[in-house]
$ cat upload.cif   # mmCIF, C-alpha atoms
data_structure
#
loop_
_atom_site.label_atom_id
_atom_site.label_comp_id
_atom_site.auth_asym_id
_atom_site.auth_seq_id
_atom_site.Cartn_x
_atom_site.Cartn_y
_atom_site.Cartn_z
CA MET A 1 133.40 115.00 65.74
CA PRO A 2 130.59 117.12 67.24
CA SER A 3 131.79 119.70 69.72
CA ASN A 4 129.59 118.44 72.58
CA ILE A 5 131.04 114.92 72.28
CA ALA A 6 134.54 116.33 72.24
CA GLN A 7 133.79 118.33 75.37
CA MET A 8 132.46 115.22 77.13
CA GLY A 9 135.60 113.34 76.23
CA ASP A 10 137.81 116.16 77.53
CA GLU A 11 135.96 116.56 80.83
CA ASN A 12 137.83 115.55 83.95
CA PRO A 13 136.24 112.29 85.21
CA ILE A 14 136.45 113.43 88.84
CA LYS A 15 134.73 116.69 87.95
CA ALA A 16 132.09 114.80 85.97
CA TRP A 17 131.47 112.46 88.93
CA TYR A 18 131.23 115.35 91.39
CA ASN A 19 128.91 117.39 89.19
CA GLY A 20 126.77 114.29 88.75
CA LEU A 21 125.98 114.13 92.46
CA PRO A 22 122.50 115.48 93.30
CA PRO A 23 122.50 118.70 95.38
CA ILE A 24 121.89 117.43 98.93
CA THR A 25 124.30 114.51 98.55
CA ARG A 26 126.91 116.81 97.00
CA ILE A 27 126.73 119.25 99.92
CA TRP A 28 126.79 116.45 102.50
CA TRP A 29 129.71 114.63 100.86
CA THR A 30 131.67 117.86 100.37
CA LEU A 31 131.35 118.83 104.03
CA ALA A 32 132.27 115.31 105.18
CA PHE A 33 135.36 115.31 102.97
CA LEU A 34 136.28 118.86 103.99
CA PHE A 35 135.92 118.19 107.72
CA ALA A 36 137.95 114.97 107.43
CA ASN A 37 140.85 116.92 105.96
CA LEU A 38 140.57 119.98 108.20
CA VAL A 39 140.58 117.84 111.34
CA TYR A 40 143.42 115.63 110.10
CA PHE A 41 145.70 118.57 109.31
CA GLY A 42 144.85 120.32 112.58
CA THR A 43 143.13 123.27 110.93
CA LEU A 44 139.87 122.59 112.74
CA ASP A 45 139.32 121.16 116.20
CA VAL A 46 136.85 118.28 116.03
CA THR A 47 135.26 119.46 119.29
CA TYR A 48 133.68 122.31 117.33
CA LEU A 49 131.88 119.81 115.08
CA ILE A 50 130.60 117.14 117.44
CA TRP A 51 127.25 117.05 119.21
CA ASP A 52 127.45 118.76 122.59
CA GLN A 53 124.06 119.06 124.24
CA HIS A 54 125.21 121.71 126.70
CA ALA A 55 126.81 123.81 123.97
CA VAL A 56 123.72 123.53 121.77
CA PHE A 57 121.05 124.39 124.32
CA SER A 58 123.00 126.63 126.70
CA LYS A 59 125.41 128.40 124.37
CA PHE A 60 123.17 128.27 121.27
CA GLN A 61 125.83 126.67 119.08
CA ILE A 62 123.16 125.55 116.66
CA TRP A 63 125.62 124.62 113.90
CA ARG A 64 126.23 121.39 115.82
CA PHE A 65 122.78 120.23 114.73
CA PHE A 66 124.29 119.87 111.26
CA THR A 67 128.05 119.44 111.67
CA SER A 68 127.64 116.38 113.90
CA PHE A 69 126.01 114.68 110.89
CA CYS A 70 128.66 115.85 108.43
CA PHE A 71 131.66 114.34 110.20
CA VAL A 72 132.24 110.68 109.31
CA GLY A 73 135.84 110.42 110.46
CA THR A 74 139.30 111.60 109.53
CA TRP A 75 142.45 110.05 108.08
CA GLY A 76 145.39 108.34 109.76
CA GLN A 77 144.35 105.24 111.72
CA GLN A 78 140.69 105.92 110.90
CA GLY A 79 141.44 106.51 107.24
CA PHE A 80 140.10 103.28 105.77
CA GLY A 81 136.82 103.53 107.65
CA THR A 82 136.46 107.16 106.62
CA LEU A 83 137.09 106.27 102.99
CA ILE A 84 134.43 103.54 103.08
CA SER A 85 131.94 105.90 104.74
CA LEU A 86 132.54 108.55 102.08
CA TYR A 87 132.03 105.96 99.37
CA LEU A 88 128.80 104.62 100.86
CA LEU A 89 127.55 108.16 101.47
CA GLN A 90 127.89 109.19 97.85
CA GLN A 91 126.76 105.83 96.48
CA TYR A 92 123.53 105.35 98.42
CA GLY A 93 122.84 109.00 99.18
CA LYS A 94 122.90 109.66 95.45
CA SER A 95 120.75 106.63 94.64
CA LEU A 96 118.15 107.53 97.26
CA GLU A 97 118.06 111.22 96.38
CA ASN A 98 117.58 110.41 92.70
CA ASN A 99 114.75 107.98 93.51
CA CYS A 100 113.28 109.44 96.67
CA PRO A 101 109.84 108.38 97.93
CA ASN A 102 107.18 110.91 97.01
CA THR A 103 105.91 112.59 100.17
CA GLY A 104 104.45 115.62 98.43
CA GLY A 105 107.17 116.95 96.17
CA GLY A 106 106.90 114.40 93.39
CA GLY A 107 109.94 112.44 94.54
CA THR A 108 112.23 115.43 94.06
CA VAL A 109 115.02 116.87 96.19
CA ALA A 110 112.37 118.53 98.38
CA ASP A 111 111.19 115.10 99.51
CA TYR A 112 114.77 114.00 100.10
CA LEU A 113 115.46 117.11 102.17
CA VAL A 114 112.46 116.28 104.37
CA LEU A 115 113.68 112.68 104.63
CA ILE A 116 117.13 113.82 105.79
CA LEU A 117 115.74 116.36 108.28
CA PHE A 118 113.29 113.81 109.69
CA CYS A 119 116.06 111.26 110.17
CA MET A 120 118.39 113.86 111.70
CA LEU A 121 115.70 114.77 114.22
CA ALA A 122 115.15 111.11 115.08
CA HIS A 123 118.89 110.61 115.63
CA ILE A 124 119.05 113.67 117.88
CA ILE A 125 116.13 112.36 119.95
CA ILE A 126 117.97 109.05 120.38
CA THR A 127 121.13 110.91 121.38
CA VAL A 128 119.36 113.11 123.92
CA PHE A 129 117.07 110.52 125.51
CA VAL A 130 118.53 107.06 124.80
CA ALA A 131 122.26 106.94 124.11
CA SER A 132 124.60 109.91 124.14
CA ARG A 133 126.70 110.20 120.98
CA PHE A 134 129.09 112.86 119.73
CA VAL A 135 129.01 112.24 115.97
CA MET A 136 126.14 110.84 113.93
CA GLY A 137 127.41 111.09 110.36
CA THR A 138 127.94 107.36 109.86
CA SER A 139 124.59 106.61 111.49
CA LEU A 140 122.76 108.93 109.10
CA MET A 141 124.70 107.42 106.20
CA PHE A 142 123.58 103.95 107.30
CA THR A 143 120.00 105.24 107.55
CA THR A 144 119.99 106.33 103.91
CA LEU A 145 121.60 103.03 102.90
CA TYR A 146 118.94 101.05 104.77
CA ILE A 147 116.04 103.02 103.28
CA TRP A 148 117.41 102.53 99.76
CA CYS A 149 117.82 98.80 100.39
CA LYS A 150 114.24 98.52 101.67
CA MET A 151 112.98 100.28 98.56
CA ASN A 152 115.12 98.14 96.24
CA PHE A 153 115.16 94.86 98.15
CA GLU A 154 115.52 92.65 95.07
CA VAL A 155 118.39 94.57 93.48
CA GLU A 156 121.69 92.70 93.54
CA VAL A 157 124.56 94.49 95.29
CA LYS A 158 128.06 93.40 96.20
CA LEU A 159 130.00 93.50 99.43
CA TRP A 160 133.71 93.03 98.77
CA GLY A 161 132.83 91.17 95.59
CA PHE A 162 130.22 88.88 97.14
CA PRO A 163 126.81 89.29 95.45
CA MET A 164 123.68 89.51 97.58
CA LYS A 165 120.21 91.00 97.54
CA ALA A 166 119.86 94.55 98.79
CA ALA A 167 117.44 93.28 101.46
CA VAL A 168 120.29 91.61 103.36
CA PHE A 169 123.04 94.09 102.53
CA PRO A 170 122.64 96.31 105.65
CA PHE A 171 122.82 93.26 107.92
CA ALA A 172 125.84 91.86 106.09
CA LEU A 173 127.54 95.23 106.48
CA MET A 174 126.72 95.25 110.18
CA GLY A 175 128.19 91.76 110.49
CA LEU A 176 131.37 92.91 108.78
CA HIS A 177 131.64 95.89 111.11
CA LEU A 178 131.10 93.62 114.11
CA ALA A 179 133.79 91.22 112.91
CA THR A 180 136.30 94.02 112.30
CA GLY A 181 135.66 95.80 115.60
CA ALA A 182 133.94 98.83 114.09
CA ASP A 183 131.19 100.74 115.88
CA VAL A 184 128.21 98.50 115.18
CA TRP A 185 125.95 100.59 117.44
CA SER A 186 126.20 103.38 114.90
CA ASP A 187 124.73 100.96 112.36
CA ILE A 188 122.01 99.80 114.76
CA TYR A 189 120.83 103.34 115.44
CA GLY A 190 120.96 104.09 111.72
CA LEU A 191 118.90 100.99 110.96
CA ALA A 192 116.33 101.87 113.65
CA VAL A 193 115.82 105.38 112.28
CA GLY A 194 115.71 104.11 108.71
CA HIS A 195 113.05 101.56 109.56
CA LEU A 196 111.04 104.19 111.43
CA TYR A 197 110.99 106.34 108.29
CA TYR A 198 110.17 103.35 106.09
CA PHE A 199 107.34 102.31 108.41
CA LEU A 200 105.77 105.78 108.52
CA GLN A 201 106.22 106.40 104.81
CA GLU A 202 105.45 102.97 103.37
CA ILE A 203 103.80 100.61 105.85
CA TYR A 204 101.54 102.90 107.89
CA PRO A 205 99.71 104.39 104.87
CA THR A 206 99.11 100.88 103.55
CA MET A 207 97.68 99.68 106.84
CA TYR A 208 95.61 102.71 107.84
CA GLY A 209 95.11 104.74 104.67
CA LYS A 210 96.75 107.86 106.10
CA ASP A 211 100.06 109.53 105.31
CA ILE A 212 102.20 110.73 108.21
CA ILE A 213 105.21 112.29 106.48
CA HIS A 214 104.42 115.25 104.22
CA THR A 215 106.75 117.62 102.42
CA PRO A 216 105.63 121.17 103.31
CA ASN A 217 104.83 123.51 100.44
CA PHE A 218 107.44 126.02 101.62
CA VAL A 219 110.17 123.39 101.18
CA ILE A 220 108.94 122.66 97.65
CA THR A 221 108.78 126.40 96.96
CA LEU A 222 112.31 126.90 98.30
CA CYS A 223 113.71 124.15 96.08
CA HIS A 224 111.85 125.62 93.13
CA ARG A 225 113.23 129.11 93.73
CA LEU A 226 116.75 127.78 94.21
CA LYS A 227 116.27 125.73 91.03
CA ILE A 228 117.50 122.52 92.61
CA GLY A 229 116.06 119.08 92.14
CA GLY A 230 113.04 120.07 90.10
CA GLY A 231 110.97 121.27 93.05
CA TYR A 232 107.56 122.73 92.24
CA VAL A 233 105.50 125.24 94.16
CA ASN A 234 102.39 123.08 94.39
CA PRO A 235 102.58 119.52 93.05
CA SER A 236 98.80 119.04 93.35
CA ALA A 237 97.93 122.03 91.20
CA PRO A 238 96.86 121.45 87.56
CA ALA A 239 99.94 123.24 86.27
CA ALA A 240 102.17 120.85 88.18
CA ALA A 241 100.09 117.87 87.12
CA SER A 242 100.69 118.84 83.51
CA ARG A 243 104.40 118.43 84.20
CA GLY A 244 103.80 114.84 85.23
CA VAL A 245 104.40 115.41 88.95
CA PRO A 246 102.50 112.92 91.14
CA PRO A 247 100.11 114.35 93.75
CA PRO A 248 101.46 114.86 97.26
CA GLY A 249 101.58 111.80 99.48
CA ARG A 250 100.53 108.29 98.64
CA VAL A 251 97.34 107.83 100.66
CA ARG A 252 95.99 104.35 100.03
CA PRO A 253 93.05 102.45 101.55
CA PRO A 254 93.84 99.87 104.23
CA THR A 255 94.51 96.44 102.80
CA GLY A 256 93.76 94.46 105.94
CA GLY A 257 96.62 92.14 105.11
CA GLY A 258 98.68 92.56 108.26
CA TYR A 259 102.23 93.82 108.51
CA ASP A 260 104.66 93.04 105.73
CA TRP A 261 107.91 92.27 107.51
CA GLY A 262 110.00 91.80 104.41
CA GLY A 263 110.33 92.91 100.86
CA GLY A 264 107.93 90.40 99.38
CA GLY A 265 105.89 87.28 99.93
CA ARG A 266 102.73 87.07 101.94
CA SER A 267 101.88 89.39 104.80
CA LEU A 268 101.98 88.11 108.34
CA GLY A 269 98.64 86.58 109.20
CA SER A 270 97.49 86.05 105.62
CA THR A 271 96.41 82.68 104.33
#
$ encode --input "upload.cif" --output "structure tokens"
Amino acid sequence: MPSNIAQMGDENPIKAWYNGLPPITRIWWTLAFLFANLVYFGTLDVTYLIWDQHAVFSKFQIWRFFTSFCFVGTWGQQGFGTLISLYLLQQYGKSLENNCPNTGGGGTVADYLVLILFCMLAHIIITVFVASRFVMGTSLMFTTLYIWCKMNFEVEVKLWGFPMKAAVFPFALMGLHLATGADVWSDIYGLAVGHLYYFLQEIYPTMYGKDIIHTPNFVITLCHRLKIGGGYVNPSAPAAASRGVPPPGRVRPPTGGGYDWGGGGRSLGST
């Protein structure tokens, strides 16, 4: 038996699964799992993780910009919900990061990093100006789930064994949360931010021929230097093109077909 096959067979399946997570999803999932355990065992006070507007802007506790998105719950009475959130985070975070829309980085981790940062900023704006929230981890998780479902609307997924199209999966999940008394507002905010990203990245360029969301070159350069996700310094340069990296953005001429409210079929207003 070849040595590499033997090594694959001997590898711990949990280690193989963890190493198979793309970089951003791996960091996010690790922090969520770590915080769940630290809070449960009393090692870390959850008040140091949650969003606190006064602490952020008056005491400059800037880590809350990130930790409030990395806490999805703890164990005990919340344990089942936390377990489901961790599963959905790794499942759809991984799928979206591995097939991220190209906004300038060729669909690499650089584009996914911009996606996550954009959605985090949108959630913070909602928290500051619309509805005050302390933790936004499950909302951001739902955002990534919604974006993946919009991009893969015809893919069949299952919810507790019931098959359905990805297009309806977020709404079915919201219905389940509503029926079980879970925080459905977290899903609603996640859906709103996800659709905002999808509109600006997919619909707006189709309607007006202009891209709104761009991955800055310094983000692509950073990913390239850190050797994560296949980032390239300049995806539009000939050297990058020779690697098969698409040009930045997806600027397309207006189609004049109205707004496409779903995943397929005719556009609203078409004949």
$ closest_residue --input "upload.cif" --among "A:Ile116, A:Gln91, A:Arg225, A:Leu21" --to "Val157 (chain A)" --atoms "all atoms listed in the file"
A:Gln91
$ residues_around --input "upload.cif" --residues "region 141-156 of chain A" --least-positions-apart "4" --cutoff "7 Å" --atoms "all atoms listed in the file" --output "list of chain:residue names"
A:Leu89, A:Tyr92, A:Gly93, A:Leu96, A:Gly137, A:Pro163, A:Met164, A:Lys165, A:Ala166, A:Ala167, A:Pro170, A:Asp187, A:Gly190, A:Leu191, A:Val193, A:Gly194, A:Tyr198, A:Gly263
$ closest_residue --input "upload.cif" --among "A:Thr138, A:Pro23, A:Leu31, A:Thr82" --to "Asn98 (chain A)" --atoms "only C-alpha atoms"
A:Pro23
$ atom_distance --input "upload.cif" --atom1 "CA of Ile220 (chain A)" --atom2 "CA of Gly105 (chain A)"
6.2 Å
$ residues_near_point --input "upload.cif" --point "(113.5, 122.8, 103.9)" --cutoff "9 Å" --atoms "all atoms listed in the file" --output "number ranges by chain"
A: 110, 113-114, 117, 215-216, 218-220, 222-223
$ resolve_selection --input "upload.cif" --expression "the PyMOL selection byres ((chain A and resi 197) around 9)" --output "list in words"
Leu115, Phe118, Cys119, Ile147, Ala192, Val193, Gly194, His195, Leu196, Tyr198, Phe199, Leu200, Gln201, Glu202 and Ile213 of chain A
$ atom_distance --input "upload.cif" --atom1 "CA of Arg64 (chain A)" --atom2 "CA of Tyr48 (chain A)"
7.7 Å
$ atom_distance --input "upload.cif" --atom1 "CA of Ile203 (chain A)" --atom2 "CA of Gly106 (chain A)"
18.8 Å
$ closest_residue --input "upload.cif" --among "A:Tyr112, A:Phe60, A:Tyr40, A:Phe65" --to "Gln78 (chain A)" --atoms "all atoms listed in the file"
A:Tyr40
$ residues_around --input "upload.cif" --residues "Leu34 (chain A)" --least-positions-apart "6" --cutoff "10 Å" --atoms "all atoms listed in the file" --output "PyMOL selection string"
chain A and resi 28+40+70-71+74
$ closest_residue --input "upload.cif" --among "A:His177, A:Lys94, A:Lys158, A:His123" --to "Ser139 (chain A)" --atoms "all atoms listed in the file"
A:His123
$ closest_residue --input "upload.cif" --among "A:Phe134, A:Phe129, A:Tyr18, A:Tyr87" --to "Phe66 (chain A)" --atoms "all atoms listed in the file"
A:Phe134
$ closest_residue --input "upload.cif" --among "A:Thr180, A:Ser95, A:Ser186, A:Trp17" --to "Val72 (chain A)" --atoms "all atoms listed in the file"
A:Ser186
$ build_atoms --input "upload.cif" --residues "region 74-100 of chain A" --atoms "N, CA and C atoms" --output "compact mmCIF listing (two decimals), in the frame of the given file"
# COMPACT_ATOMS: atom_id res chain seq x y z
N THR A 74 138.16 110.90 110.12
CA THR A 74 139.30 111.60 109.53
C THR A 74 140.27 110.56 108.99
N TRP A 75 141.49 110.96 108.68
CA TRP A 75 142.45 110.05 108.08
C TRP A 75 143.36 109.45 109.15
N GLY A 76 144.51 109.00 108.79
CA GLY A 76 145.39 108.34 109.76
C GLY A 76 144.89 106.94 110.06
N GLN A 77 144.80 106.57 111.33
CA GLN A 77 144.35 105.24 111.72
C GLN A 77 142.90 104.99 111.34
N GLN A 78 142.10 106.06 111.27
CA GLN A 78 140.69 105.92 110.90
C GLN A 78 140.48 106.02 109.39
N GLY A 79 141.56 106.16 108.65
CA GLY A 79 141.44 106.51 107.24
C GLY A 79 140.63 105.55 106.41
N PHE A 80 140.82 104.25 106.60
CA PHE A 80 140.10 103.28 105.77
C PHE A 80 138.60 103.34 106.04
N GLY A 81 138.23 103.42 107.32
CA GLY A 81 136.82 103.53 107.65
C GLY A 81 136.20 104.80 107.11
N THR A 82 136.95 105.90 107.16
CA THR A 82 136.46 107.16 106.62
C THR A 82 136.26 107.07 105.12
N LEU A 83 137.19 106.43 104.44
CA LEU A 83 137.09 106.27 102.99
C LEU A 83 135.85 105.45 102.61
N ILE A 84 135.61 104.37 103.34
CA ILE A 84 134.43 103.54 103.08
C ILE A 84 133.15 104.33 103.34
N SER A 85 133.13 105.10 104.42
CA SER A 85 131.94 105.90 104.74
C SER A 85 131.67 106.93 103.66
N LEU A 86 132.72 107.57 103.15
CA LEU A 86 132.54 108.55 102.08
C LEU A 86 132.02 107.89 100.81
N TYR A 87 132.51 106.68 100.54
CA TYR A 87 132.03 105.96 99.37
C TYR A 87 130.55 105.59 99.51
N LEU A 88 130.19 105.02 100.65
CA LEU A 88 128.80 104.62 100.86
C LEU A 88 127.87 105.83 100.88
N LEU A 89 128.36 106.94 101.42
CA LEU A 89 127.55 108.16 101.47
C LEU A 89 127.18 108.62 100.07
N GLN A 90 128.19 108.71 99.19
CA GLN A 90 127.89 109.19 97.85
C GLN A 90 127.13 108.15 97.03
N GLN A 91 127.39 106.88 97.27
CA GLN A 91 126.76 105.83 96.48
C GLN A 91 125.26 105.73 96.78
N TYR A 92 124.92 105.59 98.06
CA TYR A 92 123.53 105.35 98.42
C TYR A 92 122.77 106.64 98.69
N GLY A 93 123.49 107.70 99.09
CA GLY A 93 122.84 109.00 99.18
C GLY A 93 122.39 109.47 97.81
N LYS A 94 123.25 109.29 96.83
CA LYS A 94 122.90 109.66 95.45
C LYS A 94 121.74 108.83 94.93
N SER A 95 121.80 107.52 95.15
CA SER A 95 120.75 106.63 94.64
C SER A 95 119.40 106.95 95.28
N LEU A 96 119.41 107.23 96.58
CA LEU A 96 118.15 107.53 97.26
C LEU A 96 117.62 108.90 96.87
N GLU A 97 118.51 109.88 96.75
CA GLU A 97 118.06 111.22 96.38
C GLU A 97 117.49 111.25 94.96
N ASN A 98 118.08 110.46 94.07
CA ASN A 98 117.58 110.41 92.70
C ASN A 98 116.29 109.62 92.56
N ASN A 99 115.98 108.79 93.55
CA ASN A 99 114.75 107.98 93.51
C ASN A 99 114.08 108.03 94.87
N CYS A 100 113.82 109.24 95.33
CA CYS A 100 113.28 109.44 96.67
C CYS A 100 111.78 109.14 96.71
